[in-house]
Structures are given as structure tokens and as C-alpha cells.
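Enquirer: Structure supplied as structure.txt; contents: compact mmCIF, C-alpha atoms and all ligand atoms.
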# COMPACT_ATOMS: atom_id res chain seq x y z
CA MET A 980 -94.22 0.74 -152.30
CA LEU A 981 -95.28 0.02 -155.86
CA SER A 982 -98.83 1.07 -156.59
CA ILE A 983 -101.30 -0.78 -158.83
CA ALA A 984 -104.62 0.87 -159.74
CA LEU A 985 -107.74 -1.07 -160.64
CA ALA A 986 -109.69 0.83 -163.26
CA GLY A 987 -112.62 -0.02 -165.46
CA LYS A 988 -116.29 0.60 -166.02
CA PRO A 989 -118.83 0.35 -163.23
CA ASN A 990 -119.89 -3.26 -162.57
CA ALA A 991 -116.83 -4.81 -164.22
CA GLY A 992 -115.85 -6.30 -160.86
CA LYS A 993 -113.20 -3.89 -159.52
CA SER A 994 -114.49 -3.79 -155.96
CA THR A 995 -114.75 -7.56 -155.87
CA PHE A 996 -111.18 -7.85 -157.21
CA TYR A 997 -110.03 -5.27 -154.67
CA THR A 998 -111.76 -6.95 -151.73
CA ALA A 999 -110.36 -10.34 -152.68
CA ALA A 1000 -106.84 -9.08 -153.32
CA THR A 1001 -106.59 -7.02 -150.12
CA MET A 1002 -108.26 -9.56 -147.87
CA ALA A 1003 -105.80 -10.00 -145.05
CA ASP A 1004 -105.15 -13.52 -143.93
CA VAL A 1005 -104.02 -14.27 -140.41
CA ASP A 1006 -100.36 -13.81 -141.18
CA VAL A 1007 -100.60 -10.52 -142.94
CA ALA A 1008 -103.24 -8.85 -140.74
CA ASN A 1009 -100.47 -7.30 -138.66
CA TYR A 1010 -99.13 -5.40 -141.58
CA PRO A 1011 -99.48 -1.73 -140.64
CA PHE A 1012 -101.12 -0.54 -143.85
CA THR A 1013 -103.53 -3.40 -144.48
CA THR A 1014 -106.39 -0.95 -144.73
CA ILE A 1015 -105.27 2.53 -145.62
CA ASP A 1016 -108.74 3.70 -146.53
CA ALA A 1017 -111.71 2.30 -148.39
CA ASN A 1018 -110.03 2.42 -151.78
CA ARG A 1019 -106.40 1.97 -150.88
CA GLY A 1020 -105.02 -1.19 -149.37
CA VAL A 1021 -102.15 -3.59 -149.34
CA SER A 1022 -102.05 -6.58 -151.62
CA TYR A 1023 -99.22 -8.85 -152.69
CA VAL A 1024 -97.41 -10.25 -155.65
CA ARG A 1025 -96.38 -13.87 -155.38
CA THR A 1026 -92.98 -15.30 -156.17
CA ASP A 1027 -90.87 -18.33 -155.30
CA CYS A 1028 -89.11 -17.72 -152.00
CA PRO A 1029 -85.36 -18.44 -152.05
CA CYS A 1030 -85.97 -20.72 -149.03
CA LEU A 1031 -87.11 -23.32 -151.59
CA GLU A 1032 -83.42 -23.77 -152.36
CA ARG A 1033 -82.67 -24.75 -148.77
CA ASP A 1034 -83.53 -27.82 -146.75
CA GLU A 1035 -85.86 -25.90 -144.49
CA ARG A 1036 -88.62 -23.40 -145.34
CA CYS A 1037 -88.10 -19.90 -143.91
CA ASN A 1038 -90.08 -18.38 -141.08
CA ALA A 1039 -90.95 -15.09 -142.78
CA ASP A 1040 -94.51 -13.84 -142.16
CA ASN A 1041 -95.25 -13.56 -145.85
CA CYS A 1042 -93.94 -16.95 -146.89
CA GLU A 1043 -96.32 -19.87 -147.11
CA ASP A 1044 -94.27 -22.99 -147.67
CA GLY A 1045 -92.05 -21.30 -150.22
CA LYS A 1046 -94.82 -19.16 -151.76
CA ARG A 1047 -93.61 -15.68 -151.03
CA TYR A 1048 -96.02 -12.72 -150.92
CA VAL A 1049 -94.40 -9.32 -151.42
CA PRO A 1050 -96.47 -6.23 -150.51
CA ILE A 1051 -97.68 -3.70 -153.06
CA GLU A 1052 -100.28 -0.96 -152.80
CA LEU A 1053 -103.64 -1.51 -154.51
CA LEU A 1054 -105.96 1.35 -155.45
CA ASP A 1055 -109.61 0.84 -156.38
CA VAL A 1056 -110.41 3.68 -158.76
CA ALA A 1057 -114.19 3.56 -158.92
CA GLY A 1058 -116.21 3.51 -162.14
CA LEU A 1059 -114.63 5.38 -164.99
CA VAL A 1060 -116.98 6.02 -167.91
CA PRO A 1061 -116.35 7.18 -171.48
CA GLY A 1062 -116.23 11.01 -171.43
CA ALA A 1063 -114.60 11.13 -167.98
CA HIS A 1064 -111.95 13.58 -169.22
CA GLU A 1065 -114.79 16.05 -169.89
CA GLY A 1066 -116.08 15.50 -166.38
CA LYS A 1067 -118.65 12.76 -167.19
CA GLY A 1068 -119.47 10.37 -164.37
CA LEU A 1069 -117.09 11.17 -161.55
CA GLY A 1070 -114.64 12.21 -164.24
CA ASN A 1071 -111.42 13.95 -163.45
CA GLN A 1072 -111.28 12.90 -159.84
CA PHE A 1073 -110.65 9.33 -160.94
CA LEU A 1074 -108.21 10.24 -163.62
CA ASP A 1075 -106.35 12.20 -160.96
CA GLU A 1076 -106.20 9.09 -158.79
CA LEU A 1077 -104.75 7.06 -161.63
CA THR A 1078 -101.76 9.41 -161.74
CA ASN A 1079 -100.63 7.93 -158.42
CA ALA A 1080 -100.32 4.46 -159.89
CA ASP A 1081 -97.25 2.82 -161.40
CA VAL A 1082 -99.32 0.39 -163.44
CA ILE A 1083 -103.02 -0.16 -164.17
CA VAL A 1084 -105.21 -3.26 -164.19
CA ASN A 1085 -108.14 -2.54 -166.50
CA VAL A 1086 -110.95 -4.75 -165.22
CA VAL A 1087 -113.30 -5.64 -168.07
CA ASP A 1088 -116.51 -7.66 -167.84
CA ALA A 1089 -115.64 -10.39 -170.34
CA SER A 1090 -119.09 -11.91 -170.01
CA GLY A 1091 -120.59 -9.04 -171.98
CA GLY A 1092 -123.11 -8.55 -169.19
CA THR A 1093 -122.33 -4.84 -168.69
CA ASN A 1094 -123.05 -2.23 -171.37
CA ALA A 1095 -120.90 0.72 -172.45
CA LYS A 1096 -122.14 2.86 -169.55
CA GLY A 1097 -121.54 0.11 -166.99
CA GLU A 1098 -125.18 -0.91 -166.62
CA PRO A 1099 -126.03 -4.61 -166.28
CA VAL A 1100 -127.46 -6.26 -169.42
CA ASP A 1101 -127.95 -9.91 -170.42
CA ILE A 1102 -124.76 -11.93 -170.66
CA GLY A 1103 -123.27 -11.76 -174.15
CA GLU A 1104 -125.22 -8.63 -175.09
CA HIS A 1105 -122.28 -6.22 -174.99
CA ASP A 1106 -118.98 -6.78 -176.80
CA PRO A 1107 -116.20 -6.51 -174.17
CA LEU A 1108 -113.65 -5.64 -176.86
CA GLU A 1109 -115.28 -2.21 -176.95
CA ASP A 1110 -114.23 -1.66 -173.32
CA ILE A 1111 -110.53 -2.14 -173.85
CA ASP A 1112 -109.40 1.11 -175.40
CA PHE A 1113 -111.48 3.67 -173.62
CA ILE A 1114 -109.34 3.89 -170.48
CA GLU A 1115 -106.29 4.62 -172.59
CA GLU A 1116 -108.23 7.14 -174.64
CA GLU A 1117 -109.64 8.88 -171.57
CA MET A 1118 -106.19 9.10 -169.99
CA ASP A 1119 -104.63 10.36 -173.23
CA LEU A 1120 -107.26 13.05 -173.72
CA TRP A 1121 -107.09 14.09 -170.12
CA LEU A 1122 -103.30 14.35 -170.16
CA ALA A 1123 -103.41 16.18 -173.52
CA GLY A 1124 -105.77 18.67 -171.81
CA ILE A 1125 -103.22 19.26 -169.06
CA VAL A 1126 -100.43 19.77 -171.61
CA ASP A 1127 -102.68 22.15 -173.55
CA ARG A 1128 -103.51 24.25 -170.51
CA ASN A 1129 -99.84 24.57 -169.61
CA TRP A 1130 -98.58 25.31 -173.10
CA GLU A 1131 -98.63 29.10 -172.77
CA SER A 1132 -96.16 28.78 -169.95
CA VAL A 1133 -93.93 26.54 -172.11
CA GLU A 1134 -94.05 29.20 -174.84
CA ARG A 1135 -93.12 31.87 -172.34
CA LYS A 1136 -90.20 29.86 -171.01
CA SER A 1137 -88.98 29.21 -174.55
CA ARG A 1138 -87.99 32.87 -174.82
CA SER A 1139 -85.38 32.41 -172.15
CA PRO A 1140 -81.85 31.84 -173.54
CA ASP A 1141 -81.30 28.69 -171.47
CA PHE A 1142 -84.62 27.10 -172.47
CA ASP A 1143 -84.46 23.33 -172.60
CA ILE A 1144 -87.66 21.58 -173.68
CA ASP A 1145 -86.70 18.34 -171.91
CA ASP A 1146 -86.43 20.13 -168.55
CA VAL A 1147 -89.61 22.16 -168.98
CA LEU A 1148 -91.71 19.14 -169.98
CA ALA A 1149 -90.17 16.93 -167.29
CA ASP A 1150 -91.12 19.57 -164.76
CA MET A 1151 -94.66 19.86 -166.10
CA LEU A 1152 -95.28 16.10 -166.23
CA SER A 1153 -93.51 14.97 -163.06
CA GLY A 1154 -96.86 15.04 -161.26
CA PHE A 1155 -98.03 12.35 -163.67
CA GLY A 1156 -95.19 10.12 -162.58
CA ALA A 1157 -92.98 10.76 -165.61
CA SER A 1158 -89.25 10.78 -164.91
CA PRO A 1159 -86.86 13.10 -166.80
CA LYS A 1160 -85.42 9.97 -168.45
CA GLN A 1161 -88.85 8.91 -169.71
CA ILE A 1162 -89.53 12.39 -171.07
CA ALA A 1163 -86.19 12.36 -172.88
CA THR A 1164 -87.05 8.99 -174.46
CA VAL A 1165 -90.48 10.21 -175.52
CA LEU A 1166 -89.03 13.36 -177.09
CA ARG A 1167 -86.61 11.24 -179.09
CA GLU A 1168 -89.56 9.28 -180.50
CA LEU A 1169 -91.62 12.37 -181.25
CA ASP A 1170 -91.24 14.46 -184.39
CA TYR A 1171 -91.84 18.03 -183.24
CA PRO A 1172 -91.03 21.64 -184.15
CA GLU A 1173 -88.10 23.25 -182.37
CA ASP A 1174 -90.15 26.30 -181.37
CA PRO A 1175 -93.01 25.51 -178.94
CA ILE A 1176 -95.11 28.27 -180.56
CA GLN A 1177 -95.25 26.12 -183.70
CA TRP A 1178 -96.58 23.04 -181.92
CA GLU A 1179 -100.04 21.98 -183.04
CA ASP A 1180 -102.71 20.08 -181.11
CA ALA A 1181 -101.61 16.85 -182.82
CA HIS A 1182 -98.07 17.24 -181.38
CA ARG A 1183 -99.41 17.73 -177.87
CA GLU A 1184 -101.81 14.80 -178.23
CA GLU A 1185 -99.01 12.54 -179.45
CA LEU A 1186 -96.79 13.70 -176.59
CA ALA A 1187 -99.57 12.86 -174.11
CA ARG A 1188 -100.10 9.43 -175.67
CA LEU A 1189 -96.41 8.52 -175.59
CA VAL A 1190 -95.97 9.74 -172.01
CA ARG A 1191 -99.03 7.80 -170.86
CA GLU A 1192 -97.84 4.65 -172.62
CA ARG A 1193 -94.47 4.81 -170.88
CA THR A 1194 -95.64 5.83 -167.43
CA LYS A 1195 -98.89 3.86 -167.07
CA PRO A 1196 -98.64 0.40 -168.59
CA ILE A 1197 -101.95 -1.48 -168.58
CA VAL A 1198 -102.87 -5.14 -168.17
CA VAL A 1199 -106.45 -6.16 -168.92
CA ALA A 1200 -108.22 -8.44 -166.45
CA ALA A 1201 -110.82 -10.26 -168.56
CA ASN A 1202 -113.13 -10.77 -165.59
CA LYS A 1203 -116.14 -13.02 -164.92
CA ILE A 1204 -114.62 -15.98 -166.77
CA ASP A 1205 -116.87 -18.20 -164.65
CA VAL A 1206 -119.88 -17.00 -166.67
CA ALA A 1207 -118.30 -15.51 -169.80
CA PRO A 1208 -118.81 -17.15 -173.20
CA GLU A 1209 -115.47 -18.81 -173.94
CA GLU A 1210 -115.34 -17.12 -177.32
CA ASN A 1211 -115.29 -13.69 -175.64
CA VAL A 1212 -112.27 -14.61 -173.54
CA GLU A 1213 -110.48 -16.10 -176.54
CA ARG A 1214 -111.05 -12.93 -178.59
CA LEU A 1215 -109.69 -10.81 -175.76
CA LEU A 1216 -106.62 -13.05 -175.50
CA GLU A 1217 -105.94 -12.59 -179.20
CA LEU A 1218 -105.49 -8.83 -178.76
CA ASP A 1219 -102.02 -7.45 -179.08
CA LYS A 1220 -102.10 -6.44 -175.40
CA PRO A 1221 -101.50 -8.20 -172.11
CA VAL A 1222 -104.76 -9.90 -171.07
CA ILE A 1223 -105.24 -12.19 -168.04
CA PRO A 1224 -108.54 -14.08 -167.66
CA THR A 1225 -109.89 -13.61 -164.11
CA THR A 1226 -112.74 -14.45 -161.82
CA ALA A 1227 -112.65 -11.94 -158.99
CA GLU A 1228 -115.75 -13.44 -157.44
CA GLY A 1229 -114.12 -16.88 -157.51
CA GLU A 1230 -110.98 -15.54 -155.80
CA LEU A 1231 -113.06 -13.83 -153.12
CA ALA A 1232 -115.05 -17.03 -152.49
CA LEU A 1233 -111.82 -19.03 -152.23
CA ARG A 1234 -110.12 -16.65 -149.83
CA ARG A 1235 -113.19 -16.70 -147.61
CA ALA A 1236 -113.45 -20.47 -147.80
CA ALA A 1237 -109.74 -20.83 -147.02
CA ASP A 1238 -110.17 -18.50 -144.04
CA ASN A 1239 -112.96 -20.70 -142.74
CA GLY A 1240 -110.91 -23.83 -143.22
CA LEU A 1241 -113.19 -25.21 -145.95
CA VAL A 1242 -110.52 -25.42 -148.66
CA ASP A 1243 -106.79 -25.58 -149.00
CA TYR A 1244 -105.89 -22.67 -151.26
CA ASP A 1245 -103.18 -20.01 -151.35
CA PRO A 1246 -103.59 -16.97 -153.62
CA GLY A 1247 -102.14 -17.75 -157.01
CA ASP A 1248 -102.56 -21.53 -156.76
CA GLU A 1249 -103.90 -23.01 -159.96
CA THR A 1250 -106.25 -25.32 -158.12
CA LEU A 1251 -107.76 -25.95 -154.69
CA GLU A 1252 -108.38 -28.85 -152.38
CA ILE A 1253 -111.84 -29.16 -151.00
CA GLY A 1254 -111.99 -30.14 -147.31
CA ASP A 1255 -114.46 -32.47 -145.60
CA ASP A 1256 -116.48 -29.78 -143.85
CA VAL A 1257 -118.37 -28.46 -146.86
CA ASN A 1258 -122.05 -29.05 -147.53
CA ASP A 1259 -123.35 -30.32 -150.89
CA ALA A 1260 -124.09 -26.86 -152.29
CA GLN A 1261 -120.65 -25.57 -151.32
CA ARG A 1262 -118.99 -28.64 -152.82
CA GLU A 1263 -120.83 -28.15 -156.09
CA ALA A 1264 -119.90 -24.45 -156.28
CA LEU A 1265 -116.26 -25.20 -155.44
CA GLU A 1266 -116.07 -27.98 -158.00
CA ASP A 1267 -117.43 -25.62 -160.67
CA LEU A 1268 -114.82 -23.08 -159.71
CA ARG A 1269 -112.10 -25.72 -159.81
CA GLU A 1270 -113.14 -26.51 -163.38
CA THR A 1271 -113.00 -22.84 -164.41
CA MET A 1272 -109.56 -22.59 -162.80
CA ALA A 1273 -108.34 -25.67 -164.63
CA GLU A 1274 -109.35 -24.08 -167.91
CA TRP A 1275 -107.69 -20.69 -167.26
CA ASP A 1276 -104.78 -21.55 -164.92
CA GLY A 1277 -106.34 -20.31 -161.71
CA THR A 1278 -108.61 -17.40 -160.81
CA GLY A 1279 -106.16 -14.99 -162.46
CA VAL A 1280 -106.36 -12.35 -159.69
CA GLN A 1281 -102.85 -13.08 -158.46
CA GLY A 1282 -101.77 -13.60 -162.06
CA ALA A 1283 -102.92 -10.10 -163.09
CA LEU A 1284 -101.05 -8.44 -160.20
CA ASN A 1285 -97.95 -10.51 -160.90
CA HIS A 1286 -98.07 -9.67 -164.60
CA ALA A 1287 -98.34 -5.97 -163.76
CA VAL A 1288 -95.27 -5.96 -161.53
CA TYR A 1289 -92.96 -8.62 -162.95
CA ASP A 1290 -93.75 -8.35 -166.67
CA LEU A 1291 -94.99 -4.81 -167.34
CA LEU A 1292 -92.95 -2.96 -164.72
CA GLU A 1293 -90.09 -5.44 -165.10
CA HIS A 1294 -89.28 -5.71 -161.42
CA ILE A 1295 -87.35 -8.38 -159.54
CA THR A 1296 -87.43 -9.46 -155.90
CA ALA A 1297 -84.29 -9.19 -153.79
CA TYR A 1298 -83.81 -10.29 -150.19
CA PRO A 1299 -81.42 -8.32 -147.96
CA VAL A 1300 -79.90 -10.28 -145.06
CA GLU A 1301 -77.31 -9.56 -142.39
CA ASP A 1302 -75.95 -13.08 -142.08
CA ALA A 1303 -74.87 -14.44 -145.47
CA ALA A 1304 -74.54 -18.02 -144.21
CA LYS A 1305 -77.88 -18.25 -142.40
CA TRP A 1306 -79.74 -15.85 -144.74
CA SER A 1307 -81.05 -14.11 -141.65
CA ASP A 1308 -81.23 -10.72 -139.98
CA GLY A 1309 -79.36 -9.96 -136.74
CA SER A 1310 -82.07 -11.67 -134.66
CA GLY A 1311 -81.98 -14.91 -136.62
CA ASN A 1312 -85.14 -14.36 -138.69
CA ILE A 1313 -84.62 -16.14 -142.02
CA LEU A 1314 -85.24 -14.01 -145.14
CA PRO A 1315 -87.24 -11.40 -143.20
CA ASP A 1316 -87.60 -8.87 -146.02
CA ALA A 1317 -88.27 -8.86 -149.73
CA HIS A 1318 -87.84 -5.78 -151.92
CA LEU A 1319 -89.23 -5.17 -155.39
CA LEU A 1320 -86.71 -3.31 -157.55
CA PRO A 1321 -86.61 -2.42 -161.25
CA ASP A 1322 -84.79 -4.91 -163.42
CA GLY A 1323 -81.16 -3.81 -163.72
CA SER A 1324 -80.94 -2.62 -160.11
CA THR A 1325 -77.64 -3.09 -158.30
CA PRO A 1326 -76.72 -3.92 -154.68
CA VAL A 1327 -76.33 -0.17 -154.15
CA ASP A 1328 -79.97 0.35 -155.19
CA LEU A 1329 -80.99 -2.39 -152.76
CA ALA A 1330 -78.93 -0.72 -150.02
CA TYR A 1331 -80.85 2.52 -150.63
CA ALA A 1332 -84.17 0.69 -150.60
CA VAL A 1333 -83.27 -0.78 -147.21
CA HIS A 1334 -81.67 2.33 -145.66
CA SER A 1335 -82.63 5.49 -147.52
CA ASP A 1336 -80.06 7.35 -145.39
CA ILE A 1337 -77.13 5.10 -146.28
CA GLY A 1338 -75.43 8.01 -148.07
CA ASP A 1339 -71.87 7.01 -148.96
CA GLY A 1340 -71.78 4.41 -146.19
CA TYR A 1341 -72.05 1.54 -148.69
CA LEU A 1342 -68.93 -0.63 -148.68
CA HIS A 1343 -69.67 -3.80 -150.58
CA ALA A 1344 -72.17 -6.63 -151.02
CA VAL A 1345 -72.09 -10.41 -150.81
CA ASN A 1346 -74.29 -12.72 -152.84
CA ALA A 1347 -75.40 -15.09 -150.09
CA LYS A 1348 -76.29 -17.86 -152.55
CA SER A 1349 -72.78 -18.11 -153.97
CA ASN A 1350 -71.11 -16.59 -150.92
CA ARG A 1351 -69.10 -14.34 -153.22
CA GLU A 1352 -68.61 -10.62 -153.10
CA VAL A 1353 -70.40 -8.83 -155.94
CA GLY A 1354 -69.39 -5.51 -157.46
CA GLU A 1355 -71.34 -2.26 -157.36
CA ASN A 1356 -72.48 -2.78 -160.93
CA TYR A 1357 -73.71 -6.33 -160.46
CA GLU A 1358 -77.29 -6.60 -161.78
CA LEU A 1359 -79.55 -8.21 -159.22
CA GLU A 1360 -81.52 -11.25 -160.32
CA GLU A 1361 -84.93 -12.49 -159.23
CA GLY A 1362 -84.55 -14.20 -155.86
CA ASP A 1363 -81.08 -12.88 -155.03
CA VAL A 1364 -80.17 -12.98 -151.34
CA ILE A 1365 -77.74 -10.16 -150.60
CA LYS A 1366 -75.75 -9.11 -147.59
CA ILE A 1367 -74.87 -5.44 -147.67
CA VAL A 1368 -71.83 -4.28 -145.78
CA SER A 1369 -71.90 -0.60 -144.85
CA THR A 1370 -70.33 1.75 -142.35
CA ASN A 1371 -73.67 2.35 -140.62
N1 LIG B 1401 -119.97 -14.07 -162.22
C1 LIG B 1401 -119.11 -13.18 -161.76
N2 LIG B 1401 -119.55 -12.04 -161.23
C2 LIG B 1401 -118.66 -11.14 -160.76
C3 LIG B 1401 -117.25 -11.38 -160.83
N3 LIG B 1401 -116.62 -10.32 -160.30
C4 LIG B 1401 -117.58 -9.46 -159.91
N4 LIG B 1401 -118.81 -9.96 -160.18
C5 LIG B 1401 -120.13 -9.34 -159.90
O1 LIG B 1401 -120.27 -8.18 -160.71
C6 LIG B 1401 -121.02 -7.18 -159.99
C7 LIG B 1401 -120.24 -5.89 -159.96
O2 LIG B 1401 -119.06 -6.10 -159.21
P1 LIG B 1401 -118.30 -4.93 -158.45
O3 LIG B 1401 -117.09 -5.54 -157.89
O4 LIG B 1401 -119.22 -4.22 -157.54
O5 LIG B 1401 -117.98 -3.99 -159.69
P2 LIG B 1401 -117.23 -2.57 -159.74
O6 LIG B 1401 -116.47 -2.59 -161.00
O7 LIG B 1401 -116.49 -2.34 -158.49
O8 LIG B 1401 -118.42 -1.57 -159.87
P3 LIG B 1401 -118.48 -0.02 -159.37
O9 LIG B 1401 -118.24 -0.04 -157.89
O10 LIG B 1401 -119.87 0.35 -159.72
O11 LIG B 1401 -117.46 0.72 -160.13
C8 LIG B 1401 -121.28 -7.76 -158.61
O12 LIG B 1401 -122.58 -8.31 -158.60
C9 LIG B 1401 -120.23 -8.84 -158.47
O13 LIG B 1401 -120.63 -9.88 -157.61
C10 LIG B 1401 -116.81 -12.61 -161.42
O14 LIG B 1401 -115.63 -12.92 -161.51
N5 LIG B 1401 -117.78 -13.46 -161.85
The structure in this file should be written as C-alpha cells.

Expert:
Amino acid sequence: MLSIALAGKPNAGKSTFYTAATMADVDVANYPFTTIDANRGVSYVRTDCPCLERDERCNADNCEDGKRYVPIELLDVAGLVPGAHEGKGLGNQFLDELTNADVIVNVVDASGGTNAKGEPVDIGEHDPLEDIDFIEEEMDLWLAGIVDRNWESVERKSRSPDFDIDDVLADMLSGFGASPKQIATVLRELDYPEDPIQWEDAHREELARLVRERTKPIVVAANKIDVAPEENVERLLELDKPVIPTTAEGELALRRAADNGLVDYDPGDETLEIGDDVNDAQREALEDLRETMAEWDGTGVQGALNHAVYDLLEHITAYPVEDAAKWSDGSGNILPDAHLLPDGSTPVDLAYAVHSDIGDGYLHAVNAKSNREVGENYELEEGDVIKIVSTN
């Protein structure tokens, strides 16, 4: 399962974001990994279910009237502070945890109510723009430290006649989630001496930066938009980086209210409907929230997760079925499964995602929307419904 890590300074709102995003509703509570442990849970990205193209909505557990929720893993990486790579705060432990993630949501307190160390201050007192870069810098320095500590071994290996720097670095950085292909791309971008003995610190630092950029893309959640000065949010949005305005507290309140039947709201909706059973104070709070959502296109919590998976990681959602006419599995369940796959994936990749042991049992695939057979090199599109025909 794809893994998204929430990172950011203490008090930025990570735990609130995490609690809201992993809050199981009735349908998803049966999911086996809903709570893995305190900081690791299941959340969802939202997409349009292909059942919207049919007369009837599907009966999948994770489809709410055509709003399809596809599981991902969410990690809450508690308070990272500047200097973490030198062991400040809880330091390296958290950086270690980030290595398990495919993509990072950097939760920033856009209200300026949290200072550089993560302590609460008056709203507007701290400039949130100062909080943007430090996660990248901490990760870069930390990774550069790992490269540095391993460099003697690279130098040693370079004396072997079949030394290949791509292989040695891919091996060293695989624990960070870097694939051999990514390492090869990074090395093409990097200007470096042939002989590892001649590498300087600047080469290793640049290597670390490029590897981090490729393997850990970051989206900023400009959080606390319900109280943030608008100007702060606007300045964050002007950055040359992906930024999604969020109110984690608003999302949490809405999920709880929806659970209690007080509002009609599904995660990712841009607005909410207030029911009749609310008291005056609740109505006022919900109306305020509705105004904030109207200004920023929703609470942004679902938007940040979606941006991480669909835009930064460039994934698509594909739906394997056994019956191409009914779009169902063998027991008649319509569109029972949804798989997130990297853009450019083929039916063969989907077959492997469904049955990792398919081996060479793959025969062919049918696009259930067009009812046509598609070749092995067909590139899957968002929302494709595919029947895979195999020998097993
Ligand atoms: N107004 C407002 N407050 C928020 C929002 N999100 C979180 N908060 C508040 O900010 C404070 C800190 O939130 P947490 O979720 O505990 O922050 P954290 O980043 O997990 O902090 P650590 O656990 O210390 O790393 C709490 O009082 C939250 O209620 C938001 O969207 N709006």
C-alpha cells in the first residue's frame, strides 16, 4: 500500500490531521488495518468511481454514491524540529520513519501561531514561510550524513575491476526507498568525478539532495486556515511548491458531526449540509466552517492526500473485475477492488498487483468499458475497469 507521512513542527496540527484522516466510518471500520498502531493507520484518497458511468451505483464498501475511497497508509511522524539530523528533539528516529514513506505532507501552521521551535505564540507572530524548507533541509543533511558515513566503503569497492557506481549507490540508498532507476537518473543530473576518492562533501550533499527530491516529494498543508490571516495563506500559495490550504480541526469536527448524524458530509466534499438536530452553538460553528470551506474549496485534508498520490506520485486508479459485462467479481460484487498504480502501468502490472504469484500465467486483458481486448503495453487510465484473463 502507498504510504504518506505527515511531518512538520510540533503543534502544526499533524495529530489532528491524522486523527481526522484515519477516522473510520461505519463502512470502513472492518478494514483489517484501520489502526495499525498509534502513528500508523489507514486513510483514503478519493476519486470518481467508474460506477458513475452506469445507471446504478456500485455496492463496493468504499464507494459512497460514486465517491470512491481507495486505501493508503498514513504515518504520523511526530514533531520534527530544526537540528533533528544532529539528534535535536527526537531527531533521527523521526527521520528514519520518513524513509518508509512514498510521499510527505508537510503540515505547517499557516496562522503563524507556532514559533520556530513549535511552541504556541500569538497568531500572526511567526512567519510560516520560515517553516517550509526546514524539513527538506533536515532530510538532505541527514541523508548526506548517511552517504558520508558509507563513503569509505564506496572507495574500497571502487578498487574492484567490475566497480559500477550506479550499482553501489543503488545498493546503499535502497533503504531510503530509492530505486536503481532513480539513482541512474540522479547520476545523470549530477556532475561528479569518476573516482570516488575525488568526491568532495559538496558532491555527496548534492547527491543526497537529488535523491531526496526524487524519492520523497513533498506537499505543504497550509493548516489552520480557519484562523490564519488570509495574507499568510496567499503568500504560501504563491510559493513555487505544491501547497494545499487545510483545516485539520475543521475536518475532524465534520467527520465527528457526520458520524453523529448532525451533518451531511463526505470527506473531500467542498461543502456540508447542516441537519436539523444541531443546537445554536453547533449551527454557528458549522456555518463558520462552511464559509472557510467556500473560500478554500473544502477543508483541504482530502485534497492534500489526493494531491500527494495523484499529482506528486502520479498514480492512477484501476479496477480489476472478473465479469467484463457486469463489472463484478465471481460472486457478483460490482467493482469490489480499486488499485493505485503508477502512471504508465499496464494490465500486466495490474495483474501482478492483484495476484503477486501470477508468474507467466497472464494471458490477456479486456477493457470492460469498451469491451475490447487490450495489449500488454496498453497504458492504464484513471478509472479503467479491466478483466484479466490468466491461466490461474
Ligand atoms: N484553529 C485550528 N487549530 C488547529 C487546527 N489543526 C490543529 N489545531 C490545533 O493545534 C494544536 C496542535 O495540534 P496537534 O494536532 O496536536 O499538533 P501536532 O503537530 O500533532 O503536534 P505534536 O504532536 O506536538 O507534534 C491543537 O490545539 C489543535 O487543536 C486547525 O485546522 N485549526

Enquirer: Interatomic distance between atom CA of Pro1196 of chain A and atom CA of Thr1078 of chain A?

Expert: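 Straight-line distance from atom CA of Pro1196 of chain A to atom CA of Thr1078 of chain A works out to 11.7 Å.
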
Enquirer: Taking into account only C-alpha atoms, which residue in the set A:Trp1178, A:Ile1337, A:Tyr1171, A:Leu1108 is nearest to Val1133 of chain A?

Expert: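 Distance minimum relative to Val1133 of chain A lands on A:Trp1178.
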
Enquirer: Find the residue from A:Ala1303, A:Val1288, A:Val1165, A:Ala1232 that sits nearest to Val1198 of chain A; use all atoms listed in the file when measuring.

Expert: A:Val1288

Enquirer: Provide the atom CA of Ala1264 of chain A to atom CA of His1105 of chain A distance in Å, to one decimal place.

Expert: 26.2 Å

Enquirer: Go through A:Pro1321, A:Gly1247, A:Gly1124, A:Pro1050 one by one, measure the shortest atom-to-atom distance of each to Tyr1023 of chain A using all atoms listed in the file, and give the residue with the smallest value.

Expert: A:Pro1050

Enquirer: Quick one, how far is atom CA of Lys1348 of chain A from atom CA of Ser1022 of chain A?

Expert: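 We find that atom CA of Lys1348 of chain A and atom CA of Ser1022 of chain A lie 28.1 Å from each other.
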
Enquirer: Please reconstruct the missing atoms of segment 1166-1179 of chain A (target: N, CA and C atoms) and return them as a CSV table (one decimal), in the frame of the given file.

Expert:
chain,number,residue,atom,x,y,z
A,1166,LEU,N,-89.4,12.3,-176.2
A,1166,LEU,CA,-89.0,13.4,-177.1
A,1166,LEU,C,-88.2,12.9,-178.2
A,1167,ARG,N,-87.4,11.8,-178.0
A,1167,ARG,CA,-86.6,11.2,-179.1
A,1167,ARG,C,-87.5,10.5,-180.1
A,1168,GLU,N,-88.6,10.0,-179.6
A,1168,GLU,CA,-89.6,9.3,-180.5
A,1168,GLU,C,-90.5,10.2,-181.3
A,1169,LEU,N,-90.6,11.4,-180.7
A,1169,LEU,CA,-91.6,12.4,-181.2
A,1169,LEU,C,-91.0,13.3,-182.3
A,1170,ASP,N,-91.7,13.5,-183.4
A,1170,ASP,CA,-91.2,14.5,-184.4
A,1170,ASP,C,-91.9,15.8,-184.1
A,1171,TYR,N,-91.2,16.8,-183.6
A,1171,TYR,CA,-91.8,18.0,-183.2
A,1171,TYR,C,-91.0,19.3,-183.6
A,1172,PRO,N,-91.7,20.4,-183.8
A,1172,PRO,CA,-91.0,21.6,-184.2
A,1172,PRO,C,-90.2,22.1,-183.0
A,1173,GLU,N,-89.0,22.7,-183.3
A,1173,GLU,CA,-88.1,23.2,-182.4
A,1173,GLU,C,-88.8,24.3,-181.5
A,1174,ASP,N,-89.5,25.2,-182.1
A,1174,ASP,CA,-90.2,26.3,-181.4
A,1174,ASP,C,-91.5,25.9,-180.8
A,1175,PRO,N,-91.7,25.9,-179.5
A,1175,PRO,CA,-93.0,25.5,-178.9
A,1175,PRO,C,-94.2,26.3,-179.5
A,1176,ILE,N,-94.0,27.5,-180.0
A,1176,ILE,CA,-95.1,28.3,-180.6
A,1176,ILE,C,-95.7,27.6,-181.8
A,1177,GLN,N,-94.8,26.8,-182.5
A,1177,GLN,CA,-95.2,26.1,-183.7
A,1177,GLN,C,-95.9,24.8,-183.5
A,1178,TRP,N,-96.0,24.3,-182.2
A,1178,TRP,CA,-96.6,23.0,-181.9
A,1178,TRP,C,-98.1,23.1,-182.2
A,1179,GLU,N,-98.6,22.0,-182.8
A,1179,GLU,CA,-100.0,22.0,-183.0
A,1179,GLU,C,-100.7,21.0,-182.1
